[in-house]
Amino acid sequence: MKTFTMIKRALPAALLCLLLLPALVWAGAISGQRFGAADEIVLTFAAGPDQATATNPESYSVHEEADPDIRLAVATASLGADGRTVTLKFSAPLNTLKPHVVTTAGASARVSKSYLGYLFGILVSALLINNFVFTKYLGLCVFFGTSKRKDTAKGMGFTFLIVMVASAIMSWFFYQFILKPFQLNFLQIVIFIGLVSLTVQAVDTVLRKVNPVLFNSFGVYLVLVIANCVILAVPLILADNEYNFFESLMLATGAGGGFMLALYLMASVRERLELANVPRSFKGVPIAFIVAGQFALAFLGFSGLSIF
Amino acid sequence: MATDKSSLQLITNGILNENPIFRLVLSMCPAVGISTTVMNGLMLGVAVLFVQVFSSLTIAIFKNVIHPRIRIPTYTLTIATWVTVIDMVLAAYMPEAYAKMGIFIKLIVAFAIITMRLEMFACKETVSASFFDGIGMGLGFMAGMMAIGFVRELLGMGTLLGYDLLGFKPLLFFVLPLAGFFCVGLMMGFFNYIEARYKSAKRASA
C-alpha cells in the first residue's frame, strides 16, 4: 500500500516535470544540438548569436544530465562559416552515451544520442568494447574448458547466449517487481543464482530431447554453466545499473554474443595450436592463457569505439 | 567412506597437490581479473576461505538429509547464503577494499572450486575432515592469488603490499588488467617446468 500512495503523490510532480522539461529545453535560441567528434558538441542557433559571447568558452556551462554539480570545462568555442553553428571543444572526450545539458546566455539544450543508437551502443559495448571474457575476465573456467574444438565452441556459445538472455529477462522482472519494491535487495545473489540454475535445468531438459548429440558433447560443462560467473554477472550488472527492459535485453544479448565470439575465436586458434610446436611445459592450458592475453590486447583496440 | 588423511595432510593437499588455481585450473576469473596486487589477492582469498569453510561445514553437517537429486541446487543455495554474509560484512566494514573487488565478491558464488569441493569431498566425509579440507582449499586459493599478485605487483609497480621495494617499475605492462592472462600462463608454464625437472631428477637418482 505504501508504494501505491508514494506513486500517487509522485505522479503530479512527474507530470509537471514532463510538461516543463520541453519548455526548459527549448527556451532560448538554440535550434539544433548534437555530438560532434568524441570531444565536441555542435550547437546550431536559430538566430545568429552574438559573436563575442558565442566564441567565449566562459559563456557556456556544460554538465552531464545526471551530475549537475560536475561542470565540464569548455576548451574552445568556434563559430562556423554560416555564423550560426558553434562547435564546443572539450579538453577530454565526453561520455557520449550519457545525455549532456548545455546552458548559455539564457538558452539551454539537452544533447543526447537517439535512443535506438543508445541501445545499439549497449549491445556493441557488451559485445566488443567490454567483452565479458577479454576485458572483464569473467567465465574463464568454461572459456578454457570448452574452447578446444570449434564445433563444441559454437554449440556451447549458443547455449550460453540462450541461457543468458532468458535468465537476464527473468532476473530483471524479479529485481524490478519483487526485490526492489519489497526492499529485498540483500537476497539478490540467492535469487539470481536460483533463476540461473532454473534456466540451465530447462535448457538441459530441452537439449537432451532435441539434440542428444550436442548434449553428449557438452558433457559436464552444462552443469558448469550454473556455476559460471559470466551468466551470474549479467543480472548483477543489470541490477547495479538500474537498466530498463530493453537495455537489459541488449546487454544480455551483447554479453552472450561476446562470449560466443570469444569462444569461437579461441577454438579456432587452439585447433591450430594442437599442431604447433609448443614448449612441453607450456602445452595445453598455459599457452591457451597466453593466446587469450593476446586476444585481450587485440580487444583493447575496440576501446573508444563508437558507431552512433 | 572416510578419508585416511590427517588434518595437516588435508590442508597441504589444498595448498600444493590440488592447488585450485595452478593445479585444478578452476576459479580463474579473479586470478586474472583482480590479482594486480598482493593485497587484492589476500582480501579475496580471505573471503573465499570463509565461504569455502562454512559451506563445507554446512554440507558436511546436513549431508544425510539432503536428497541426492537436489544436491546441486542445495549446494548453490548454501554457497549463495554464505556469500551474501561475507558480501554484506565486507560492504559494511571494509568499504574501500569492497569497492576494489567490485563484482567479484558476489561472484564467489559461481566459483567452480567451492561447488566442486562440496560435491567431491564434503558430501562424503566427516565434519572435521571437511573443515580441514575447506581450510586447505581456501588457503590454496589464497596462496595462488597472492603468488600472482606478488609477481604482478613486483614487476608492474616495483612495490609489495604498497611498500616501494625496487624504486623503479621493471615491467609496467604487468599492471594492465589484461596482463593477468600472460602472468598466469607464464607462471603455470614455469611450475610445469619445475615439476618436470623435479621428476626427472628423482628418476635419475632412483
# chains A, B, ... in the order shown; residues from 1 in each chain; ligands from 1
$ closest_atom_pairs --of "chain B" --to "chain A" --cutoff "7 Å" --atoms "only C-alpha atoms" --output "CSV"
residue,atom,partner,partner_atom,distance
B:Leu26,CA,A:Cys141,CA,6.0
B:Ser27,CA,A:Cys141,CA,6.4
B:Met28,CA,A:Leu140,CA,5.9
B:Cys29,CA,A:Leu138,CA,5.3
B:Val32,CA,A:Tyr137,CA,6.5
B:Gly33,CA,A:Tyr137,CA,5.3
B:Leu77,CA,A:Val190,CA,6.3
B:Ala80,CA,A:Val190,CA,5.2
B:Thr81,CA,A:Val190,CA,6.6
B:Thr84,CA,A:Ile189,CA,6.7
B:Lys106,CA,A:Ile189,CA,6.9
B:Leu107,CA,A:Cys229,CA,5.8
B:Ala110,CA,A:Ala227,CA,4.3
B:Phe111,CA,A:Ala227,CA,6.3
B:Ala112,CA,A:Ala227,CA,5.8
B:Leu178,CA,A:Ala296,CA,6.2
B:Ala179,CA,A:Gly293,CA,6.7
B:Phe181,CA,A:Gly293,CA,4.8
B:Phe182,CA,A:Ile290,CA,4.9
B:Val184,CA,A:Phe289,CA,7.0
B:Gly185,CA,A:Pro286,CA,4.2
B:Leu186,CA,A:Pro286,CA,6.6
B:Met188,CA,A:Pro286,CA,5.7
B:Gly189,CA,A:Phe282,CA,4.7
B:Asn192,CA,A:Ser281,CA,5.2
B:Tyr193,CA,A:Ser281,CA,5.2
$ residues_around --residues "Met116 of chain B" --least-positions-apart "5" --cutoff "12 Å" --atoms "only C-alpha atoms" --output "list in words"
Val220, Val223, Leu224 and Ala227 of chain A; Pro20, Leu24, Leu26, Ser27, Gln52, Ser55, Ser56, Arg71, Ile72, Tyr75, Thr76, Ile79, Val109, Ala110, Phe111, Phe121, Ala122, Cys123, Asp133, Gly134 and Met137 of chain B
$ write_last_selection --atoms "C-alpha atoms" --output "tab-separated table (two decimals), in the first residue's frame"
chain	number	residue	atom	x	y	z
A	220	VAL	CA	29.94	-31.95	-17.70
A	223	VAL	CA	26.34	-28.29	-15.23
A	224	LEU	CA	29.25	-25.90	-15.02
A	227	ALA	CA	28.41	-22.23	-11.58
B	20	PRO	CA	42.74	-24.65	-7.01
B	24	LEU	CA	42.93	-27.73	-10.85
B	26	LEU	CA	39.44	-23.58	-11.50
B	27	SER	CA	38.28	-20.11	-10.47
B	52	GLN	CA	34.59	-22.48	1.47
B	55	SER	CA	29.81	-24.12	3.07
B	56	SER	CA	31.82	-27.32	3.57
B	71	ARG	CA	22.11	-31.82	-4.07
B	72	ILE	CA	23.50	-29.37	-6.65
B	75	TYR	CA	24.99	-26.59	-2.67
B	76	THR	CA	24.37	-23.50	-4.76
B	79	ILE	CA	27.11	-21.07	-1.04
B	109	VAL	CA	29.01	-17.93	-5.52
B	110	ALA	CA	29.88	-19.04	-9.04
B	111	PHE	CA	33.45	-20.14	-8.34
B	121	PHE	CA	34.51	-34.06	-0.56
B	122	ALA	CA	32.11	-32.52	1.91
B	123	CYS	CA	29.10	-34.64	0.96
B	133	ASP	CA	39.70	-29.67	3.50
B	134	GLY	CA	37.87	-26.35	3.28
B	137	MET	CA	41.35	-25.27	-0.40
$ residues_around --residues "Ala166 of chain A" --least-positions-apart "4" --cutoff "8 Å" --atoms "only C-alpha atoms" --output "compact mmCIF listing (two decimals) with N, CA, C and O atoms, in the first residue's frame"
# COMPACT_ATOMS: atom_id res chain seq x y z
N ILE A 162 21.52 -18.29 -25.15
CA ILE A 162 20.12 -18.52 -24.79
C ILE A 162 19.93 -18.42 -23.28
O ILE A 162 19.05 -17.71 -22.79
N MET A 170 14.37 -12.88 -16.86
CA MET A 170 13.67 -13.30 -15.64
C MET A 170 14.19 -12.52 -14.42
O MET A 170 13.41 -12.05 -13.60
N THR A 199 17.04 -21.89 -15.32
CA THR A 199 17.16 -21.80 -16.76
C THR A 199 18.06 -22.91 -17.30
O THR A 199 17.74 -23.54 -18.31
$ residues_around --residues "segment 101-110 of chain A" --least-positions-apart "6" --cutoff "12 Å" --atoms "only C-alpha atoms" --output "VMD selection string"
chain A and resid 21 to 35 40 to 46 49 to 50 52 to 74 77 86 88
$ write_last_selection --atoms "C-alpha atoms" --output "mmCIF file, in the first residue's frame"
data_model
loop_
_atom_site.group_PDB
_atom_site.id
_atom_site.type_symbol
_atom_site.label_atom_id
_atom_site.label_comp_id
_atom_site.auth_asym_id
_atom_site.auth_seq_id
_atom_site.Cartn_x
_atom_site.Cartn_y
_atom_site.Cartn_z
ATOM 1 C CA LEU A 21 11.102 19.821 -19.472
ATOM 2 C CA PRO A 22 10.488 20.657 -23.161
ATOM 3 C CA ALA A 23 9.794 24.245 -22.166
ATOM 4 C CA LEU A 24 13.155 24.402 -20.390
ATOM 5 C CA VAL A 25 14.964 22.690 -23.203
ATOM 6 C CA TRP A 26 13.526 24.767 -25.979
ATOM 7 C CA ALA A 27 13.596 28.107 -24.192
ATOM 8 C CA GLY A 28 16.188 30.238 -25.931
ATOM 9 C CA ALA A 29 17.715 30.413 -29.295
ATOM 10 C CA ILE A 30 19.369 27.005 -29.743
ATOM 11 C CA SER A 31 17.617 25.177 -32.559
ATOM 12 C CA GLY A 32 19.871 22.179 -33.021
ATOM 13 C CA GLN A 33 22.398 20.266 -30.982
ATOM 14 C CA ARG A 34 24.388 17.105 -31.489
ATOM 15 C CA PHE A 35 27.641 15.421 -30.542
ATOM 16 C CA GLU A 40 32.825 18.041 -29.367
ATOM 17 C CA ILE A 41 29.306 19.361 -29.083
ATOM 18 C CA VAL A 42 27.887 21.209 -32.077
ATOM 19 C CA LEU A 43 25.158 23.773 -31.408
ATOM 20 C CA THR A 44 23.034 25.494 -34.033
ATOM 21 C CA PHE A 45 21.463 28.827 -33.092
ATOM 22 C CA ALA A 46 18.135 29.910 -34.574
ATOM 23 C CA PRO A 49 24.438 34.599 -31.931
ATOM 24 C CA ASP A 50 26.448 37.490 -30.633
ATOM 25 C CA ALA A 52 31.804 37.850 -28.714
ATOM 26 C CA THR A 53 29.642 35.681 -26.456
ATOM 27 C CA ALA A 54 29.431 32.763 -28.851
ATOM 28 C CA THR A 55 33.185 32.332 -29.129
ATOM 29 C CA ASN A 56 33.867 32.843 -25.444
ATOM 30 C CA PRO A 57 34.275 29.434 -23.769
ATOM 31 C CA GLU A 58 33.401 31.040 -20.423
ATOM 32 C CA SER A 59 29.867 31.755 -21.534
ATOM 33 C CA TYR A 60 28.947 28.055 -21.797
ATOM 34 C CA SER A 61 28.145 25.760 -18.947
ATOM 35 C CA VAL A 62 28.021 22.071 -19.742
ATOM 36 C CA HIS A 63 27.285 19.098 -17.498
ATOM 37 C CA GLU A 64 26.061 15.541 -17.720
ATOM 38 C CA GLU A 65 22.357 15.436 -17.008
ATOM 39 C CA ALA A 66 22.815 13.029 -14.110
ATOM 40 C CA ASP A 67 25.561 15.116 -12.421
ATOM 41 C CA PRO A 68 24.654 18.838 -12.493
ATOM 42 C CA ASP A 69 27.425 19.538 -9.974
ATOM 43 C CA ILE A 70 30.258 18.430 -12.205
ATOM 44 C CA ARG A 71 30.839 21.127 -14.810
ATOM 45 C CA LEU A 72 32.752 20.095 -17.890
ATOM 46 C CA ALA A 73 35.229 22.766 -18.926
ATOM 47 C CA VAL A 74 34.882 24.011 -22.487
ATOM 48 C CA ALA A 77 34.258 27.607 -28.807
ATOM 49 C CA VAL A 86 29.098 26.886 -32.729
ATOM 50 C CA LEU A 88 32.392 23.484 -28.438
#
$ atom_distance --atom1 "atom CA of Phe168 of chain B" --atom2 "atom CA of Gly102 of chain B"
28.7 Å
$ atom_distance --atom1 "atom CA of Gly304 of chain A" --atom2 "atom CA of His100 of chain A"
18.2 Å
